[in-house]
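Chemist: Pasting a structure here, questions to come.
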Amino acid sequence: MVSVKTGRGFAYPEYEPFYPPEPPYELLRVKAEIDVDLASRSIEGKALNVLKCTGACEKIVFHAVDMKIEEVRINGKQASYTYTGKELEIYPEKATSGDILEVQISYKTVEPRAGVWFIPTDTGKPYLAYTQGQPEDTRFWLPTYDFPNRKTVVELVIRAPKGLKALSNGKLIEHATEGDKEKWVYRLDSKIPTYLIAFAVGDFYVKEEEYNGVLLQYAVPKGRESDIERSFSQTKDMIRLFEEYTGVKYPYPKYSQVCVDDFVAGGMENASITILTSATLHDEKAHIDFRSEPLVSHELAHQWFGDLVTCKDWSHLWLNEGFATLMEAIWRRHELGKDEFVYDLIGMMDSYLAEYGRYARPIVTRVYKYPDEMFDSHSYPKAALVLWSLASIIGEENFRKGVKRYLEAKREQNAETEEFRRFMEEASGLKLDWFFEQYVYNAGHPSLKVSYKWDDKQKILELKITQTQGEDSLPKYRLPLELVILGQDYKEERKVWIEEKQYTLNLQLPSKPKAVCIDPEFKILKALSLDLPPEELLAIIGSCPYLYPRVIAARELSKKASPVHIDELAKILLAEEEFWGLRSEVAQTIGSIDGQKARDALLNALSHVKHPRVRRAIVRALANFKEKPVADTLSKILLDENESYYVRAEATASLGKIGLKEYVDVLARALETKSHNHVIAATSLDSIALLLGDEALATVEKYLSPDTPMPLRRAAIASLGYMTPTQRVISLLEEASRSRHPHVKLAVVSACTRMLSPKVMPILEKLQQDVSGRVARSARDALEQVRKHVEKGEEYRKLREEIDKLKEEERRLSERIERLEKK
């Protein structure tokens with residue numbers, strides 16, 4: 001299918017359609033023997049790639065970056081090859097279709113720039129090593145074929161320092177001591193793409209249990225044993241739910257979850273061994289309002305979606321990430337209920353729309369430069385919402401049938417979007433090309449503006465729905481919409497299909513409705529706005545029993561409300577029986593209203609509201625009131641050890657936004673506060689820099705060292721963006737940009753984006769060449785922002801010059817007229 005709307009702002013002019021290579025072989029088996037040397041940050045090994053030629057194998061190309069290739073053998077004989085530093089080209093003597101080639105490569109890599117990470121990355125002796133192969137970084141430590149469209153069985157022999165533990169894909173089939181090293185042999189007989197080949201070596205504490213014959217392992221840094229239960233106790237129930245939902249058993253003999261420090265992602269779903277950030281581990285106090293379940297369920301879902309069945313190339317990434325994101329929400333529904341599920345969907349829409357504000361692209365597109373660019377909110381939350389919309393249209397039972405057929409038919413294979421569509425059509429008996437054309441192959445989304453009015457004389461409700469999406473979306477969408485109209489003694493339910501730019505529905509009703517609830521259970525992806533007066537919006541918030549319409553109404557009310565509406569909103573905010581997400585939205589609505597009454601309503605709520613997430617929303621809303629009494633209250637919250645970590649962190653952020661320098665001492669005290677993931681100290685550091693600007697440099701510099709915990713170091717680097725771009729500040733950014741770790745480089749990009757000075761352009765130009773696609777793309781975007789800012793400044797300068805010239809000409813003309821008048 002051809003995209004009608006290709007989007008805006010995503011692809012740069014030089015971008016071209018990308019198609020993955022199609023090598024003339026199947027990759028039957030990969031066996032690697034590696035020696036992991038933490039002291040020298042190196043890996044030395046032998047990689048055996050067993051191939052079956054599907055055509056004339058005149059040349060075999062493997063991916064291998066920055067390695068020393070010592071020897072290549074094919075079927076035991078030395079083979080000729082050339083090596084570019086990125087690709088290894090091997091030349092078999094004679095190889096035709098059907099031939100089996102065993103290609104063994106002896107190699108070494110030292111301080112790889114990606115793929116395998118030695119922690120700490122920038123200083124000190126490493127105590128840990130782990131891999132991160134997605135999207136195409138296995139090639140930095142293992143010479144093999146490194147695109148997702150070839151899958152293989154894997155065996156990994158790891159030699160690591162004695163006393164450490166090594167974990168990898170599949171079953172542990174051998175463990176032995178060899179001198180000052182230990183050997184660990186793992187094998188996974190299921191076929192996986194090479195980006196999922198993984199290991200972690202470190203001083204781990206490992207807890208084990210079993211679920212239906214599957215070994216479950218939880219590996220955490222020594223000393224964090226007591227946090228395992230809080231983070232991973234739901235794993236068994238998650239597996240059970242996902243097996244039931246998909247109709248497919250967990251596909252591997254074991255499931256290890258390994259927590260590592262300074263992980264370059266949040267989590268990575270390597271087949272049978274997920275690697276996660278150790279930041280997901282948390283103490284009892286953090287557990288009040290921090291949960292590991294979203295991350296744990298997301299990565300577990302990938303064992304089916306991405307590992308068992310893998311997208312053929314990154315243009316179809318949504319089949320991996322959209323499903324994992326949806327299944328994460330399905331788990332939330334199972335564990336916490338429908339409101340949590342719907343609020344999760346609303347959060348997905350928020351995330352997508354925030355990205356849509358910067359660019360739009362089709363979910364499936366081949367026009368990209370870095371594979372990392374595809375790992376965005378189009379592939380994650382928007383894709384999940386598209387899947388949920390599909391499930392809602394064809395029925396969730398049919399959707400589950402289609403998922404089961406998809407997973408069973410494509411088991412251990414690659415999949416494309418059109419194949420998935422066919423499975424959904426078979427399960428539902430419906431043609432779905434229109435749906436995929438709208439939501440998957442085109443950029444944008446439907447935007448609906450809803451208004452209605454009541455004719456009391458004729459007892460008719462006239463409801464209008466208008467499609468208002470912009471030019472980067474289709475002019476018209478076809479979508480079903482459920483309506484619930486609530487009256488004094490009646491409930492009217494309708495399902496309508498919106499197919500034109502404007503749809504009008506006239507309903508004869510017994511009396512004026514109390515509330516009209518649009519898409520009450522949030523079944524369809526769309527941006528929704530309500531063109532209604534404040535009283536109607538308040539009626540929806542107060543009368544509609546469904547969360548989604550109430551949230552939309554609260555957000556719409558934030559644009560129209562006045563102090564007269566605060567009392568009704570405050571009742572909802574204080575109602576402990578109401579869902580916390582709605583109360584949080586109401587807090588933001590109150591915060592949008594200027595004046596003493598709104599301020600006092602929020603301050604009063606702090607004395608009564610106990611739920612930590614609602615308290616966070618109240619504290620966030622108070623940042624709109626730049627007054628000393630508000631700052632005093634926030635200071636007390638910040639220093640109150642009985643408050644949750646995240647409420648206190650929100651208080652530090654709001655103090656910074658209020659902008660009163662006299663509270664810097666309070667923020668400085670918070671720098672010494674211990675909290676989960678250093679969230680209080682990191683936020684305080686940002687607020688101090690925001691308040692003081694250049695005066696904060698001495699404080700910020702204390703946290704720039706590579707010895708600083710990563711969250712604090714990143715906050716310190718990013719906060720340099722609030723300062724004048726002096727030579728010292730630019731030098732500090734340059735130094736940080738040389739870090740090995742992508743998180744540090746991304747913090748540099750954040751600082752440059754805040755600063756928007758032409759002085760940071762050389763830093764961004766260098767980072768634009770970074771090996772990490774995330775860093776390279778972020779630097780490119782930041783560079784464009786700086787250039788546009790500079791151009792606007794130049795335009796402003798030229799405009800001022802023109803104005804000054806006109807003023808000068810006017811002055812001379814006045815003088816001339818004056819002289820003429822005197823004559």
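Starting from 1 in every chain, residues are counted up; chains themselves are A, B, ... following the order of the structure tokens, and ligands are numbered from 1 as listed.
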With DSSP run on the backbone, what are the helix (DSSP H, G or I) residues within region 356-543 of chain A? I'd like them as a PyMOL selection string.
Modeler: chain A and resi 356+371-374+378-394+396-409+417-428+433-439+534-543
Chemist: Excluding Pro17 (chain A) and its own-chain neighbours fewer than 2 positions away, which residues fall within 7 Å of it when counting only C-alpha atoms? Please give them as a PDB file with all heavy atoms, in the first residue's frame.
Modeler:
ATOM      1  N   TYR A  15      17.210  11.554   3.712  1.00  0.00           N
ATOM      2  CA  TYR A  15      16.751  10.219   4.064  1.00  0.00           C
ATOM      3  C   TYR A  15      16.185   9.506   2.830  1.00  0.00           C
ATOM      4  O   TYR A  15      15.502  10.105   2.001  1.00  0.00           O
ATOM      5  CB  TYR A  15      15.664  10.283   5.129  1.00  0.00           C
ATOM      6  CG  TYR A  15      16.166  10.516   6.537  1.00  0.00           C
ATOM      7  CD1 TYR A  15      17.412  11.084   6.779  1.00  0.00           C
ATOM      8  CD2 TYR A  15      15.390  10.177   7.638  1.00  0.00           C
ATOM      9  CE1 TYR A  15      17.860  11.300   8.073  1.00  0.00           C
ATOM     10  CE2 TYR A  15      15.823  10.390   8.936  1.00  0.00           C
ATOM     11  CZ  TYR A  15      17.058  10.956   9.149  1.00  0.00           C
ATOM     12  OH  TYR A  15      17.492  11.161  10.430  1.00  0.00           O
ATOM     13  N   TYR A  19      15.875  -0.776   2.946  1.00  0.00           N
ATOM     14  CA  TYR A  19      15.469  -2.172   2.809  1.00  0.00           C
ATOM     15  C   TYR A  19      16.567  -3.054   3.384  1.00  0.00           C
ATOM     16  O   TYR A  19      17.746  -2.835   3.107  1.00  0.00           O
ATOM     17  CB  TYR A  19      15.224  -2.524   1.343  1.00  0.00           C
ATOM     18  CG  TYR A  19      14.073  -1.763   0.739  1.00  0.00           C
ATOM     19  CD1 TYR A  19      14.279  -0.521   0.132  1.00  0.00           C
ATOM     20  CD2 TYR A  19      12.775  -2.264   0.797  1.00  0.00           C
ATOM     21  CE1 TYR A  19      13.213   0.195  -0.410  1.00  0.00           C
ATOM     22  CE2 TYR A  19      11.706  -1.551   0.256  1.00  0.00           C
ATOM     23  CZ  TYR A  19      11.937  -0.327  -0.344  1.00  0.00           C
ATOM     24  OH  TYR A  19      10.892   0.374  -0.866  1.00  0.00           O
ATOM     25  N   ARG A 366       9.571   3.093   5.721  1.00  0.00           N
ATOM     26  CA  ARG A 366      10.944   2.682   5.432  1.00  0.00           C
ATOM     27  C   ARG A 366      11.895   3.881   5.364  1.00  0.00           C
ATOM     28  O   ARG A 366      13.089   3.701   5.191  1.00  0.00           O
ATOM     29  CB  ARG A 366      11.010   1.918   4.099  1.00  0.00           C
ATOM     30  CG  ARG A 366      10.289   0.581   4.163  1.00  0.00           C
ATOM     31  CD  ARG A 366      10.697  -0.327   3.015  1.00  0.00           C
ATOM     32  NE  ARG A 366      10.058  -1.624   3.150  1.00  0.00           N
ATOM     33  CZ  ARG A 366      10.512  -2.613   3.925  1.00  0.00           C
ATOM     34  NH1 ARG A 366      11.600  -2.425   4.648  1.00  0.00           N
ATOM     35  NH2 ARG A 366       9.878  -3.768   3.973  1.00  0.00           N
ATOM     36  N   VAL A 367      11.350   5.066   5.482  1.00  0.00           N
ATOM     37  CA  VAL A 367      12.179   6.252   5.311  1.00  0.00           C
ATOM     38  C   VAL A 367      12.739   6.672   6.671  1.00  0.00           C
ATOM     39  O   VAL A 367      12.100   7.400   7.444  1.00  0.00           O
ATOM     40  CB  VAL A 367      11.385   7.403   4.668  1.00  0.00           C
ATOM     41  CG1 VAL A 367      12.289   8.607   4.430  1.00  0.00           C
ATOM     42  CG2 VAL A 367      10.762   6.943   3.354  1.00  0.00           C
ATOM     43  N   TYR A 368      13.919   6.168   6.976  1.00  0.00           N
ATOM     44  CA  TYR A 368      14.626   6.530   8.198  1.00  0.00           C
ATOM     45  C   TYR A 368      16.113   6.311   7.973  1.00  0.00           C
ATOM     46  O   TYR A 368      16.523   5.646   7.020  1.00  0.00           O
ATOM     47  CB  TYR A 368      14.128   5.717   9.397  1.00  0.00           C
ATOM     48  CG  TYR A 368      14.329   4.215   9.286  1.00  0.00           C
ATOM     49  CD1 TYR A 368      15.492   3.610   9.750  1.00  0.00           C
ATOM     50  CD2 TYR A 368      13.345   3.400   8.731  1.00  0.00           C
ATOM     51  CE1 TYR A 368      15.681   2.235   9.654  1.00  0.00           C
ATOM     52  CE2 TYR A 368      13.517   2.036   8.630  1.00  0.00           C
ATOM     53  CZ  TYR A 368      14.680   1.450   9.095  1.00  0.00           C
ATOM     54  OH  TYR A 368      14.866   0.095   8.993  1.00  0.00           O
TER      55      TYR A 368
END
Chemist: Applying 9 Å and only C-alpha atoms, which residues near Ser389 (chain A) remain after dropping the ones on its own chain fewer than 6 positions away? List them as a list in words.
Modeler: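 Here the qualifying residues turn out to be Phe522, Lys523, Ile524 and Leu525 of chain A.
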Chemist: How would the residues just picked look written out with N, CA and C atoms as an mmCIF file, in the first residue's frame?
Modeler:
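Once everything was written out, this is result_30.cif:
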data_model
loop_
_atom_site.group_PDB
_atom_site.id
_atom_site.type_symbol
_atom_site.label_atom_id
_atom_site.label_comp_id
_atom_site.auth_asym_id
_atom_site.auth_seq_id
_atom_site.Cartn_x
_atom_site.Cartn_y
_atom_site.Cartn_z
ATOM 1 N N PHE A 522 -13.060 4.540 26.035
ATOM 2 C CA PHE A 522 -11.866 4.858 25.251
ATOM 3 C C PHE A 522 -11.437 3.655 24.402
ATOM 4 N N LYS A 523 -12.258 3.370 23.397
ATOM 5 C CA LYS A 523 -11.990 2.224 22.546
ATOM 6 C C LYS A 523 -11.299 2.584 21.235
ATOM 7 N N ILE A 524 -11.315 3.872 20.861
ATOM 8 C CA ILE A 524 -10.823 4.268 19.540
ATOM 9 C C ILE A 524 -9.779 5.371 19.671
ATOM 10 N N LEU A 525 -8.678 5.211 18.953
ATOM 11 C CA LEU A 525 -7.632 6.227 18.903
ATOM 12 C C LEU A 525 -8.145 7.482 18.199
#
Chemist: Which one is closest to Gly429 (chain A): A:Thr365, A:Thr724, A:Thr121, A:Asn398? Count only C-alpha atoms.
Modeler: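 Among A:Thr365, A:Thr724, A:Thr121, A:Asn398, it is A:Asn398 that comes nearest to Gly429 (chain A).
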Chemist: Within 7 Å of region 622-639 of chain A, counting only C-alpha atoms, which residues qualify if same-chain residues fewer than 2 places away don't, as a PyMOL selection string?
Modeler: chain A and resi 591+599+618-620+641+643+648+651-652+654-655+657-658+666
Chemist: Mind listing the strand (DSSP E or B) residues of region 129-163 of chain A, per DSSP on the backbone, as a PyMOL selection string?
Modeler: chain A and resi 129-131+144+151-161
Chemist: Excluding same-chain residues fewer than 5 positions from region 481-492 of chain A, what lies within 7 Å of it counting only C-alpha atoms, as a ChimeraX atom specification?
Modeler: /A:497,511-520
Chemist: Extract, using only C-alpha atoms, all DNA, RNA and protein residues at most 8 Å from Val185 (chain A), discarding same-chain residues fewer than 6 positions from it, and format them as a ChimeraX atom specification.
Modeler: /A:155-158,172-175
Chemist: Keeping all heavy atoms, export the residues of the selection given above as a compact mmCIF listing (two decimals), in the first residue's frame.
Modeler:
# COMPACT_ATOMS: atom_id res chain seq x y z
N GLU A 155 24.30 -20.81 21.17
CA GLU A 155 25.05 -21.36 22.30
C GLU A 155 26.15 -20.38 22.65
O GLU A 155 26.86 -19.88 21.78
CB GLU A 155 25.65 -22.73 21.95
CG GLU A 155 26.36 -23.38 23.14
CD GLU A 155 26.84 -24.80 22.85
OE1 GLU A 155 26.23 -25.46 21.98
OE2 GLU A 155 27.83 -25.23 23.48
N LEU A 156 26.28 -20.10 23.94
CA LEU A 156 27.28 -19.13 24.39
C LEU A 156 28.12 -19.75 25.50
O LEU A 156 27.58 -20.22 26.51
CB LEU A 156 26.58 -17.85 24.89
CG LEU A 156 27.37 -16.55 24.82
CD1 LEU A 156 27.84 -16.26 23.40
CD2 LEU A 156 26.53 -15.40 25.33
N VAL A 157 29.42 -19.75 25.27
CA VAL A 157 30.39 -20.20 26.28
C VAL A 157 31.09 -18.95 26.81
O VAL A 157 31.77 -18.24 26.07
CB VAL A 157 31.42 -21.18 25.68
CG1 VAL A 157 32.39 -21.64 26.76
CG2 VAL A 157 30.72 -22.36 25.03
N ILE A 158 30.91 -18.68 28.10
CA ILE A 158 31.42 -17.45 28.69
C ILE A 158 32.49 -17.81 29.72
O ILE A 158 32.23 -18.60 30.64
CB ILE A 158 30.29 -16.66 29.38
CG1 ILE A 158 29.15 -16.39 28.41
CG2 ILE A 158 30.83 -15.35 29.97
CD1 ILE A 158 27.88 -15.93 29.08
N LEU A 172 21.43 -23.36 31.30
CA LEU A 172 22.82 -23.54 31.70
C LEU A 172 23.12 -25.04 31.59
O LEU A 172 22.54 -25.85 32.31
CB LEU A 172 23.03 -23.06 33.13
CG LEU A 172 24.42 -23.28 33.71
CD1 LEU A 172 25.48 -22.48 32.97
CD2 LEU A 172 24.45 -22.93 35.21
N ILE A 173 24.01 -25.38 30.66
CA ILE A 173 24.29 -26.81 30.47
C ILE A 173 25.65 -27.22 31.02
O ILE A 173 25.96 -28.42 31.11
CB ILE A 173 24.20 -27.19 28.97
CG1 ILE A 173 25.17 -26.38 28.12
CG2 ILE A 173 22.78 -27.01 28.46
CD1 ILE A 173 25.19 -26.80 26.66
N GLU A 174 26.48 -26.25 31.39
CA GLU A 174 27.77 -26.58 32.01
C GLU A 174 28.28 -25.38 32.79
O GLU A 174 28.13 -24.22 32.38
CB GLU A 174 28.81 -26.96 30.94
CG GLU A 174 30.15 -27.40 31.52
CD GLU A 174 31.20 -27.69 30.47
OE1 GLU A 174 30.84 -27.78 29.27
OE2 GLU A 174 32.38 -27.80 30.82
N HIS A 175 28.89 -25.68 33.96
CA HIS A 175 29.52 -24.65 34.78
C HIS A 175 30.74 -25.27 35.42
O HIS A 175 30.63 -26.28 36.12
CB HIS A 175 28.55 -24.12 35.83
CG HIS A 175 29.17 -23.12 36.76
ND1 HIS A 175 28.83 -23.02 38.09
CD2 HIS A 175 30.14 -22.19 36.54
CE1 HIS A 175 29.54 -22.05 38.66
NE2 HIS A 175 30.34 -21.54 37.74
Chemist: With region 768-773 of chain A as the partner and 12 Å as the cut-off, tabulate the residues of region 107-197 of chain A that qualify, each row holding the nearest pair of atoms and their distance in Å to one decimal, using only C-alpha atoms, sorted by chain and rising number, as a Markdown table.
Modeler:
| residue | atom | partner | partner_atom | distance |
| --- | --- | --- | --- | --- |
| A:Pro112 | CA | A:Val771 | CA | 10.6 |
| A:Arg113 | CA | A:Val771 | CA | 7.2 |
| A:Ala114 | CA | A:Val771 | CA | 7.4 |
| A:Gly115 | CA | A:Ser772 | CA | 10.1 |
| A:Gln132 | CA | A:Ser772 | CA | 11.7 |
| A:Gly133 | CA | A:Ser772 | CA | 11.7 |
| A:Gln134 | CA | A:Ser772 | CA | 10.9 |
| A:Pro135 | CA | A:Gly773 | CA | 9.4 |
| A:Glu136 | CA | A:Ser772 | CA | 10.0 |
| A:Asp137 | CA | A:Ser772 | CA | 9.2 |
| A:Phe140 | CA | A:Val771 | CA | 10.5 |
Chemist: Those residues with N, CA, C and O atoms, as a short mmCIF file (atom, residue, chain, number, x, y, z; two decimals), in the first residue's frame please?
Modeler:
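again00.cif written:
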data_model
loop_
_atom_site.label_atom_id
_atom_site.label_comp_id
_atom_site.auth_asym_id
_atom_site.auth_seq_id
_atom_site.Cartn_x
_atom_site.Cartn_y
_atom_site.Cartn_z
N PRO A 112 34.71 -1.71 23.40
CA PRO A 112 33.72 -1.49 22.33
C PRO A 112 32.85 -0.28 22.62
O PRO A 112 32.55 0.03 23.79
N ARG A 113 32.47 0.42 21.56
CA ARG A 113 31.69 1.66 21.71
C ARG A 113 30.21 1.40 21.94
O ARG A 113 29.46 2.32 22.28
N ALA A 114 29.78 0.18 21.75
CA ALA A 114 28.37 -0.18 21.95
C ALA A 114 28.29 -1.70 22.05
O ALA A 114 29.31 -2.39 21.96
N GLY A 115 27.08 -2.22 22.23
CA GLY A 115 26.90 -3.67 22.20
C GLY A 115 27.14 -4.36 23.51
O GLY A 115 26.29 -5.12 23.98
N GLN A 132 23.77 -5.12 25.17
CA GLN A 132 22.54 -4.48 24.68
C GLN A 132 22.64 -4.51 23.16
O GLN A 132 23.31 -3.69 22.55
N GLY A 133 21.99 -5.49 22.55
CA GLY A 133 22.14 -5.71 21.11
C GLY A 133 21.18 -4.96 20.23
O GLY A 133 21.44 -4.74 19.05
N GLN A 134 20.03 -4.58 20.78
CA GLN A 134 19.02 -3.89 19.96
C GLN A 134 19.38 -2.42 19.79
O GLN A 134 19.80 -1.77 20.76
N PRO A 135 19.25 -1.87 18.57
CA PRO A 135 18.72 -2.57 17.39
C PRO A 135 19.78 -3.37 16.61
O PRO A 135 19.51 -4.46 16.17
N GLU A 136 20.99 -2.81 16.44
CA GLU A 136 22.00 -3.50 15.61
C GLU A 136 23.38 -3.35 16.23
O GLU A 136 24.33 -2.91 15.59
N ASP A 137 23.47 -3.72 17.52
CA ASP A 137 24.73 -3.52 18.23
C ASP A 137 25.42 -4.80 18.67
O ASP A 137 26.49 -4.76 19.27
N PHE A 140 29.08 -5.25 17.64
CA PHE A 140 30.22 -4.63 18.32
C PHE A 140 30.97 -5.62 19.20
O PHE A 140 32.07 -5.31 19.67
#
Chemist: Tell me which of A:Ile566, A:Leu538, A:Leu432, A:Ala329 sits closest to Tyr343 (chain A), counting only C-alpha atoms.
Modeler: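 Of A:Ile566, A:Leu538, A:Leu432, A:Ala329, the one nearest Tyr343 (chain A), counting only C-alpha atoms, is A:Ala329.
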Chemist: Just want the 12 Å neighbourhood of Val790 (chain A), counted on only C-alpha atoms, with same-chain residues fewer than 6 positions away dropped. Output as number ranges by chain.
Modeler: A: 755-761, 783-784, 796-797
Chemist: Please write the residues from the selection above to a file, keeping N, CA, C and O atoms, as a PDB file, in the first residue's frame.
Modeler:
ATOM      1  N   MET A 755      20.135  25.784  25.984  1.00  0.00           N
ATOM      2  CA  MET A 755      20.994  26.957  25.825  1.00  0.00           C
ATOM      3  C   MET A 755      20.764  27.674  24.492  1.00  0.00           C
ATOM      4  O   MET A 755      20.771  28.894  24.408  1.00  0.00           O
ATOM      5  N   LEU A 756      20.604  26.895  23.424  1.00  0.00           N
ATOM      6  CA  LEU A 756      20.360  27.429  22.079  1.00  0.00           C
ATOM      7  C   LEU A 756      21.388  28.478  21.665  1.00  0.00           C
ATOM      8  O   LEU A 756      21.065  29.464  21.006  1.00  0.00           O
ATOM      9  N   SER A 757      22.619  28.238  22.060  1.00  0.00           N
ATOM     10  CA  SER A 757      23.708  29.160  21.691  1.00  0.00           C
ATOM     11  C   SER A 757      24.483  28.591  20.511  1.00  0.00           C
ATOM     12  O   SER A 757      24.724  27.380  20.447  1.00  0.00           O
ATOM     13  N   PRO A 758      24.918  29.444  19.579  1.00  0.00           N
ATOM     14  CA  PRO A 758      25.749  28.938  18.473  1.00  0.00           C
ATOM     15  C   PRO A 758      27.060  28.328  18.966  1.00  0.00           C
ATOM     16  O   PRO A 758      27.677  27.552  18.239  1.00  0.00           O
ATOM     17  N   LYS A 759      27.455  28.634  20.203  1.00  0.00           N
ATOM     18  CA  LYS A 759      28.702  28.084  20.735  1.00  0.00           C
ATOM     19  C   LYS A 759      28.640  26.574  20.948  1.00  0.00           C
ATOM     20  O   LYS A 759      29.672  25.916  21.045  1.00  0.00           O
ATOM     21  N   VAL A 760      27.416  26.007  21.062  1.00  0.00           N
ATOM     22  CA  VAL A 760      27.306  24.560  21.279  1.00  0.00           C
ATOM     23  C   VAL A 760      27.263  23.788  19.963  1.00  0.00           C
ATOM     24  O   VAL A 760      27.268  22.554  19.974  1.00  0.00           O
ATOM     25  N   MET A 761      27.227  24.483  18.838  1.00  0.00           N
ATOM     26  CA  MET A 761      27.075  23.795  17.553  1.00  0.00           C
ATOM     27  C   MET A 761      28.207  22.803  17.271  1.00  0.00           C
ATOM     28  O   MET A 761      27.940  21.694  16.796  1.00  0.00           O
ATOM     29  N   LEU A 783      20.642  20.528  16.866  1.00  0.00           N
ATOM     30  CA  LEU A 783      21.403  21.403  15.971  1.00  0.00           C
ATOM     31  C   LEU A 783      20.451  22.227  15.100  1.00  0.00           C
ATOM     32  O   LEU A 783      20.671  23.434  14.879  1.00  0.00           O
ATOM     33  N   GLU A 784      19.386  21.604  14.628  1.00  0.00           N
ATOM     34  CA  GLU A 784      18.398  22.329  13.832  1.00  0.00           C
ATOM     35  C   GLU A 784      17.727  23.420  14.663  1.00  0.00           C
ATOM     36  O   GLU A 784      17.485  24.528  14.166  1.00  0.00           O
ATOM     37  N   TYR A 796      15.916  39.119  13.551  1.00  0.00           N
ATOM     38  CA  TYR A 796      15.570  40.191  14.484  1.00  0.00           C
ATOM     39  C   TYR A 796      16.579  41.338  14.376  1.00  0.00           C
ATOM     40  O   TYR A 796      16.202  42.512  14.377  1.00  0.00           O
ATOM     41  N   ARG A 797      17.880  40.966  14.263  1.00  0.00           N
ATOM     42  CA  ARG A 797      18.921  41.997  14.149  1.00  0.00           C
ATOM     43  C   ARG A 797      18.715  42.826  12.876  1.00  0.00           C
ATOM     44  O   ARG A 797      18.782  44.064  12.903  1.00  0.00           O
TER      45      ARG A 797
END
Chemist: Go through A:Lys165, A:Lys191, A:Lys77, A:His287 and flag the residue nearest Glu26 (chain A), using only C-alpha atoms for the distances.
Modeler: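 Smallest distance to Glu26 (chain A) is found for A:Lys191.
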